[in-house]
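Student: This is model_24.txt (compact mmCIF, C-alpha atoms).
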```txt
# COMPACT_ATOMS: atom_id res chain seq x y z
CA MET A 238 29.25 21.68 -12.98
CA LYS A 239 30.12 18.01 -12.74
CA THR A 240 27.10 17.41 -10.51
CA ALA A 241 24.79 19.08 -13.03
CA TYR A 242 26.34 17.07 -15.88
CA TYR A 243 25.85 13.75 -14.08
CA LEU A 244 22.26 14.66 -13.20
CA SER A 245 21.60 15.44 -16.86
CA VAL A 246 22.99 12.08 -17.97
CA LEU A 247 20.99 10.31 -15.26
CA ASN A 248 17.76 11.96 -16.42
CA ILE A 249 18.40 10.85 -20.00
CA PHE A 250 19.05 7.27 -18.79
CA ILE A 251 15.87 7.20 -16.69
CA SER A 252 13.81 8.57 -19.59
CA SER A 253 15.23 5.92 -21.88
CA CYS A 254 14.40 3.14 -19.44
CA THR A 255 10.88 4.48 -18.99
CA LEU A 256 10.37 4.54 -22.75
CA ASP A 257 11.54 0.94 -23.07
CA GLN A 258 9.14 -0.15 -20.34
CA THR A 259 6.16 1.46 -22.04
CA ASN A 260 6.94 -0.44 -25.25
CA THR A 261 7.10 -3.81 -23.51
CA GLU A 262 3.88 -5.78 -23.04
CA ILE A 263 3.48 -8.95 -21.04
CA PRO A 264 0.23 -10.85 -21.66
CA SER A 265 -1.64 -12.35 -18.74
CA ASP A 266 -0.31 -15.85 -19.43
CA GLY A 267 3.24 -14.68 -18.85
CA VAL A 268 4.54 -15.22 -22.40
CA ASP A 269 7.21 -12.70 -23.38
CA VAL A 270 6.00 -10.62 -26.29
CA VAL A 271 8.43 -9.97 -29.11
CA LYS A 272 6.12 -7.37 -30.61
CA ARG A 273 2.42 -6.61 -30.95
CA GLU A 274 0.95 -5.56 -34.27
CA THR A 275 -2.57 -4.60 -35.26
CA ILE A 276 -3.99 -6.68 -38.09
CA SER A 277 -4.67 -4.32 -40.95
CA LYS A 278 -8.14 -3.85 -42.34
CA ASP A 279 -6.78 -5.21 -45.61
CA THR A 280 -6.40 -8.52 -43.81
CA VAL A 281 -9.62 -8.60 -41.77
CA ASP A 282 -12.73 -6.48 -41.51
CA VAL A 283 -12.58 -6.00 -37.75
CA GLU A 284 -10.03 -4.38 -35.49
CA ASP A 285 -8.16 -7.00 -33.51
CA THR A 286 -4.63 -7.75 -32.48
CA VAL A 287 -2.53 -10.88 -32.64
CA LEU A 288 0.51 -11.49 -30.49
CA PHE A 289 3.70 -12.29 -32.34
CA VAL A 290 5.74 -14.16 -29.76
CA VAL A 291 8.22 -16.94 -29.30
CA PRO A 292 6.25 -20.24 -29.59
CA GLU A 293 5.26 -21.61 -26.22
CA SER A 294 6.90 -24.63 -24.68
CA GLY A 295 5.16 -27.88 -25.56
CA PHE A 296 4.16 -26.85 -29.08
CA ILE A 297 5.63 -28.28 -32.28
CA THR A 298 4.96 -27.75 -35.99
CA MET A 299 3.74 -30.88 -37.71
CA GLN A 300 5.56 -30.00 -40.93
CA ASN A 301 8.89 -30.15 -39.10
CA TYR A 302 7.94 -32.95 -36.72
CA ALA A 303 6.56 -35.73 -38.91
CA GLU A 304 6.14 -36.89 -42.48
CA GLY A 305 3.14 -38.49 -44.16
CA PHE A 306 0.57 -35.71 -43.74
CA VAL A 307 -1.03 -33.34 -46.24
CA TYR A 308 -1.72 -29.66 -45.54
CA ASP A 309 -4.29 -27.15 -46.75
CA MET A 310 -4.23 -24.58 -43.97
CA LYS A 311 -7.36 -22.67 -44.84
CA TYR A 312 -6.92 -19.66 -42.56
CA ALA A 313 -3.52 -18.92 -44.09
CA THR A 314 -5.46 -18.32 -47.32
CA GLU A 315 -8.67 -16.56 -48.33
CA ASP A 316 -10.41 -19.90 -48.89
CA ASN A 317 -12.40 -19.89 -45.63
CA PHE A 318 -15.66 -18.56 -44.23
CA LEU A 319 -13.98 -15.27 -43.28
CA LYS A 320 -12.86 -14.79 -46.90
CA LYS A 321 -9.69 -13.34 -45.40
CA LYS A 322 -6.20 -14.52 -44.50
CA VAL A 323 -5.76 -14.44 -40.71
CA TYR A 324 -2.68 -16.65 -40.26
CA ASN A 325 0.78 -15.47 -41.21
CA CYS A 326 2.05 -18.89 -42.21
CA GLU A 327 0.79 -22.26 -43.37
CA GLU A 328 2.08 -23.91 -40.21
CA CYS A 329 0.24 -26.56 -38.21
CA TRP A 330 1.16 -25.94 -34.58
CA LEU A 331 0.00 -28.52 -32.01
CA ARG A 332 0.80 -29.73 -28.53
CA LYS A 333 3.41 -32.47 -28.77
CA GLU A 334 1.13 -35.02 -27.10
CA VAL A 335 -1.55 -34.32 -29.70
CA ALA A 336 0.97 -34.53 -32.52
CA ASP A 337 2.21 -37.92 -31.30
CA ALA A 338 -1.35 -39.24 -31.19
CA LEU A 339 -1.97 -38.03 -34.74
CA ILE A 340 1.20 -39.69 -36.01
CA LYS A 341 0.02 -42.98 -34.55
CA THR A 342 -3.44 -42.51 -36.05
CA ASN A 343 -2.11 -41.53 -39.45
CA LYS A 344 -0.10 -44.75 -39.63
CA ILE A 345 -3.35 -46.67 -39.34
CA PHE A 346 -4.90 -44.65 -42.16
CA ILE A 347 -1.79 -45.14 -44.31
CA GLU A 348 -2.01 -48.91 -43.85
CA ARG A 349 -5.48 -48.63 -45.40
CA GLY A 350 -4.42 -46.41 -48.27
CA TYR A 351 -5.22 -42.94 -46.91
CA ARG A 352 -3.61 -40.00 -45.15
CA ILE A 353 -4.75 -37.18 -42.88
CA LYS A 354 -5.08 -33.76 -44.49
CA PHE A 355 -5.06 -30.74 -42.15
CA PHE A 356 -7.33 -27.74 -42.61
CA ASP A 357 -6.64 -26.16 -39.21
CA CYS A 358 -4.64 -26.89 -36.05
CA TYR A 359 -3.72 -24.47 -33.27
CA ARG A 360 -5.52 -21.14 -33.56
CA PRO A 361 -4.52 -17.95 -31.67
CA LEU A 362 -7.17 -16.64 -29.28
CA ASP A 363 -7.23 -13.28 -31.04
CA VAL A 364 -8.12 -15.02 -34.31
CA GLN A 365 -10.95 -16.74 -32.44
CA LYS A 366 -12.23 -13.29 -31.47
CA ILE A 367 -12.22 -12.25 -35.12
CA MET A 368 -14.24 -15.33 -36.03
CA TRP A 369 -16.71 -14.75 -33.20
CA LYS A 370 -17.36 -11.16 -34.27
CA ILE A 371 -18.17 -12.32 -37.78
CA TYR A 372 -20.06 -15.52 -36.93
CA PRO A 373 -21.20 -15.64 -33.26
CA ASP A 374 -22.84 -19.07 -33.38
CA ALA A 375 -21.40 -21.35 -30.69
CA ARG A 376 -22.31 -24.48 -32.65
CA TYR A 377 -19.62 -23.65 -35.18
CA VAL A 378 -17.41 -20.99 -33.58
CA ALA A 379 -16.50 -21.31 -29.89
CA ASN A 380 -17.02 -18.17 -27.80
CA PRO A 381 -13.55 -16.74 -27.06
CA HIS A 382 -14.95 -14.81 -24.10
CA ALA A 383 -16.19 -18.00 -22.42
CA SER A 384 -14.11 -21.18 -22.51
CA GLY A 385 -12.60 -20.50 -25.92
CA SER A 386 -11.92 -23.16 -28.52
CA ILE A 387 -9.89 -26.33 -28.13
CA HIS A 388 -8.05 -25.00 -31.18
CA ASN A 389 -6.84 -22.15 -28.94
CA ARG A 390 -5.28 -24.76 -26.65
CA GLY A 391 -3.43 -26.59 -29.41
CA GLY A 392 -5.55 -29.68 -28.81
CA ALA A 393 -7.92 -29.75 -31.78
CA VAL A 394 -7.61 -30.37 -35.49
CA ASP A 395 -9.84 -29.87 -38.51
CA ILE A 396 -9.07 -32.67 -40.95
CA THR A 397 -10.20 -34.86 -43.79
CA LEU A 398 -8.72 -37.89 -45.55
CA VAL A 399 -7.03 -38.15 -48.92
CA ASP A 400 -5.97 -41.17 -50.94
CA MET A 401 -2.34 -41.76 -51.85
CA LYS A 402 -2.74 -39.58 -54.94
CA GLY A 403 -3.95 -36.68 -52.81
CA ASN A 404 -7.63 -36.90 -53.74
CA GLU A 405 -9.98 -35.99 -50.91
CA LEU A 406 -12.60 -38.49 -49.84
CA ASP A 407 -16.13 -37.27 -50.42
CA MET A 408 -17.44 -36.03 -47.07
CA GLY A 409 -20.62 -34.46 -48.42
CA THR A 410 -19.75 -30.81 -47.73
CA THR A 411 -16.77 -28.52 -47.89
CA PHE A 412 -14.77 -27.62 -44.80
CA ASP A 413 -16.51 -24.96 -42.67
CA HIS A 414 -19.92 -25.66 -44.12
CA PHE A 415 -22.11 -24.22 -41.37
CA GLY A 416 -25.30 -26.15 -41.87
CA LYS A 417 -27.11 -29.36 -41.03
CA GLU A 418 -25.45 -31.21 -43.90
CA ALA A 419 -22.14 -31.15 -41.96
CA HIS A 420 -23.67 -32.63 -38.80
CA HIS A 421 -22.81 -36.19 -37.82
CA SER A 422 -26.50 -36.89 -37.28
CA TYR A 423 -27.45 -35.88 -40.83
CA THR A 424 -28.09 -39.00 -42.89
CA GLU A 425 -29.62 -37.69 -46.13
CA LEU A 426 -26.32 -38.33 -47.88
CA SER A 427 -24.96 -40.98 -50.19
CA ASN A 428 -23.73 -44.25 -48.70
CA THR A 429 -20.23 -43.31 -49.86
CA VAL A 430 -20.27 -40.09 -47.84
CA LEU A 431 -21.73 -41.78 -44.77
CA ASP A 432 -19.12 -44.55 -44.98
CA ASN A 433 -16.29 -42.03 -45.37
CA ARG A 434 -17.40 -40.01 -42.36
CA LYS A 435 -17.82 -43.16 -40.29
CA PHE A 436 -14.37 -44.39 -41.32
CA LEU A 437 -12.71 -41.13 -40.25
CA LYS A 438 -14.70 -40.91 -37.01
CA THR A 439 -14.16 -44.54 -35.98
CA ILE A 440 -10.38 -44.44 -36.37
CA MET A 441 -10.01 -41.05 -34.72
CA GLU A 442 -12.14 -41.98 -31.72
CA ALA A 443 -10.27 -45.27 -31.30
CA ASN A 444 -7.04 -43.32 -30.96
CA GLY A 445 -7.83 -40.75 -28.31
CA PHE A 446 -9.89 -38.14 -30.16
CA SER A 447 -13.51 -37.09 -29.84
CA SER A 448 -15.81 -35.58 -32.42
CA ILE A 449 -18.33 -32.76 -32.08
CA SER A 450 -21.91 -32.92 -33.29
CA TYR A 451 -21.95 -30.14 -35.85
CA GLU A 452 -18.70 -30.55 -37.81
CA TRP A 453 -17.57 -33.78 -39.45
CA TRP A 454 -14.02 -32.41 -39.76
CA HIS A 455 -13.35 -31.38 -36.14
CA TYR A 456 -11.60 -33.62 -33.56
CA ASN A 457 -10.43 -32.87 -30.02
CA HIS A 458 -7.66 -34.74 -28.25
CA LYS A 459 -8.79 -36.46 -25.04
CA ASN A 460 -6.44 -34.38 -22.84
CA ALA A 461 -6.97 -31.06 -24.61
CA ARG A 462 -8.92 -29.39 -21.79
CA GLN A 463 -5.86 -29.48 -19.54
CA TYR A 464 -3.98 -27.08 -21.82
CA LYS A 465 -4.29 -23.35 -21.28
CA LEU A 466 -5.57 -20.93 -23.89
CA SER A 467 -2.76 -19.58 -26.04
CA ASN A 468 -2.34 -16.53 -28.22
CA PHE A 469 0.93 -16.69 -30.13
CA GLN A 470 1.47 -16.48 -33.86
CA THR A 471 4.93 -16.79 -35.31
CA GLU A 472 6.54 -14.78 -38.07
CA CYS A 473 6.96 -16.57 -41.39
CA LYS A 474 10.48 -17.77 -42.10
```
Can the structure from this file be put into structure tokens for me?

Tutor:
Amino acid sequence: MKTAYYLSVLNIFISSCTLDQTNTEIPSDGVDVVKRETISKDTVDVEDTVLFVVPESGFITMQNYAEGFVYDMKYATEDNFLKKKVYNCEECWLRKEVADALIKTNKIFIERGYRIKFFDCYRPLDVQKIMWKIYPDARYVANPHASGSIHNRGGAVDITLVDMKGNELDMGTTFDHFGKEAHHSYTELSNTVLDNRKFLKTIMEANGFSSISYEWWHYNHKNARQYKLSNFQTECK
């Protein structure tokens, strides 16, 4: 009788362990998953998943790390080309090296009466997949199934400049304007717009960032390619 009882208990224990193992997922990059949830169709129009995990080592949030910046995190709102909220929180996650370079750069802008305003920072790879399904044009949305976006590595930012009263400088188009008017090579703009874009681009490139041809707002850190693609998104506090 005792032997049968112990075997029964053992079977329950093994079943419990097996159940726990089936509910645990480890992504290919080795990050421990806290939980995986499917984004509801009320949030996006395509079926995708985003990992909710402990933030990876080397990342910081700019809001907690430095002062002097302005934030309008577009993908934490419906004010974006997706017309949907795909970020849980209005947090600007970046690699620490990138954040330090931006702090240095922002000090230069502040000395001249302006500040950096963030539209986007780190972007989970699964969010990149959502974007690609909706707008598969590699000029404006990096292919997540190829090299991915520098945003997915925590090494890119989408930004503009504001004056000390918070007024945005005129850059000629809105953020995420997918058209020739947003290209750096497009010159059929007012002198004020051209000067503002040149001002932003000159200071950013002098401090370790590079621009891309099609978006006046996008800047990559010089070391961004060395970072791996990431796919975490934190819970809101």

Student: Can you tell me, as a PDB file with C-alpha atoms, in the frame of the given file, which residues sit within 12 Å of (-19.8, -22.5, -42.7) in the file's frame, using all atoms listed in the file?

Tutor:
```pdb
ATOM      1  CA  ASP A 316     -10.410 -19.900 -48.890  1.00  0.00           C
ATOM      2  CA  ASN A 317     -12.400 -19.890 -45.630  1.00  0.00           C
ATOM      3  CA  PHE A 318     -15.660 -18.560 -44.230  1.00  0.00           C
ATOM      4  CA  LEU A 319     -13.980 -15.270 -43.280  1.00  0.00           C
ATOM      5  CA  LYS A 320     -12.860 -14.790 -46.900  1.00  0.00           C
ATOM      6  CA  MET A 368     -14.240 -15.330 -36.030  1.00  0.00           C
ATOM      7  CA  ILE A 371     -18.170 -12.320 -37.780  1.00  0.00           C
ATOM      8  CA  TYR A 372     -20.060 -15.520 -36.930  1.00  0.00           C
ATOM      9  CA  PRO A 373     -21.200 -15.640 -33.260  1.00  0.00           C
ATOM     10  CA  ASP A 374     -22.840 -19.070 -33.380  1.00  0.00           C
ATOM     11  CA  ARG A 376     -22.310 -24.480 -32.650  1.00  0.00           C
ATOM     12  CA  TYR A 377     -19.620 -23.650 -35.180  1.00  0.00           C
ATOM     13  CA  VAL A 378     -17.410 -20.990 -33.580  1.00  0.00           C
ATOM     14  CA  THR A 410     -19.750 -30.810 -47.730  1.00  0.00           C
ATOM     15  CA  THR A 411     -16.770 -28.520 -47.890  1.00  0.00           C
ATOM     16  CA  PHE A 412     -14.770 -27.620 -44.800  1.00  0.00           C
ATOM     17  CA  ASP A 413     -16.510 -24.960 -42.670  1.00  0.00           C
ATOM     18  CA  HIS A 414     -19.920 -25.660 -44.120  1.00  0.00           C
ATOM     19  CA  PHE A 415     -22.110 -24.220 -41.370  1.00  0.00           C
ATOM     20  CA  GLY A 416     -25.300 -26.150 -41.870  1.00  0.00           C
ATOM     21  CA  LYS A 417     -27.110 -29.360 -41.030  1.00  0.00           C
ATOM     22  CA  GLU A 418     -25.450 -31.210 -43.900  1.00  0.00           C
ATOM     23  CA  ALA A 419     -22.140 -31.150 -41.960  1.00  0.00           C
ATOM     24  CA  HIS A 420     -23.670 -32.630 -38.800  1.00  0.00           C
ATOM     25  CA  TYR A 451     -21.950 -30.140 -35.850  1.00  0.00           C
ATOM     26  CA  GLU A 452     -18.700 -30.550 -37.810  1.00  0.00           C
ATOM     27  CA  TRP A 453     -17.570 -33.780 -39.450  1.00  0.00           C
ATOM     28  CA  TRP A 454     -14.020 -32.410 -39.760  1.00  0.00           C
TER      29      TRP A 454
END
```

Student: Find the residue from A:Lys333, A:Ala338, A:Tyr308, A:Val364 that sits nearest to A:Gln470; use all atoms listed in the file when measuring.

Tutor: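 Distance minimum relative to A:Gln470 lands on A:Val364.
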
Student: Quick one: residues within 9 Å of A:Cys473, all atoms listed in the file, excluding same-chain residues fewer than 4 positions away - as a short mmCIF file (atom, residue, chain, number, x, y, z; two decimals) with C-alpha atoms, keeping the file's coordinate frame?

Tutor:
```
data_model
loop_
_atom_site.label_atom_id
_atom_site.label_comp_id
_atom_site.auth_asym_id
_atom_site.auth_seq_id
_atom_site.Cartn_x
_atom_site.Cartn_y
_atom_site.Cartn_z
CA ASN A 325 0.78 -15.47 -41.21
CA CYS A 326 2.05 -18.89 -42.21
CA GLU A 327 0.79 -22.26 -43.37
CA GLU A 328 2.08 -23.91 -40.21
#
```

Student: So which residues touch A:Gln300 within 12 Å, counting all atoms listed in the file, skipping near sequence neighbours fewer than 3 positions away, as an MDAnalysis selection string?

Tutor: chainID A and resid 297 303:310 326:331 336 340 354:355 358

Student: Quote the spacing between atom CA of A:Ile347 and atom CA of A:Asn301 in Å to one decimal place.

Tutor: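 According to the coordinates, atom CA of A:Ile347 and atom CA of A:Asn301 are separated by 19.1 Å.
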
Student: Using all atoms listed in the file, find the one residue out of A:Phe346, A:Phe469, A:Phe446, A:Tyr302 that sits nearest to A:Tyr359.

Tutor: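 Looking only at the distances to A:Tyr359, the closest residue turns out to be A:Phe469.
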
Student: So, counting all atoms listed in the file, which residue among A:Lys311, A:Arg390, A:Lys370, A:Lys321 is closest to A:Phe296?

Tutor: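 Answer, going by the shortest atom-to-atom distance: A:Arg390.
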
Student: Suppose you want the space between atom CA of A:Tyr456 and atom CA of A:Leu362; what is it in Å?

Tutor: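 Calculated distance between atom CA of A:Tyr456 and atom CA of A:Leu362 is 18.1 Å.
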
Student: Have a look at atom CA of A:Asn433 and atom CA of A:Val335 and let me know their distance in Å, one decimal.

Tutor: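 Atom-to-atom, atom CA of A:Asn433 and atom CA of A:Val335 are spaced 22.9 Å apart.
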
Student: Point out the residue among A:Asp407, A:Asp400, A:Glu425, A:Asp395 with the least atom-to-atom distance to A:Leu339, counting only C-alpha atoms.

Tutor: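 Once distances to A:Leu339 are computed over only C-alpha atoms, the minimum belongs to A:Asp395.
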
Student: Using all atoms listed in the file, which residue out of A:Tyr464, A:Tyr312, A:Tyr423, A:Phe436 lies closest to A:Arg349?

Tutor: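 The closest residue to A:Arg349 is A:Phe436.
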
Student: Have a look at A:Asn404, A:Thr397, A:Ser422, A:Ser450 and name the one nearest to A:Phe356; count only C-alpha atoms.

Tutor: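 Of all the options, A:Thr397 lies closest to A:Phe356.
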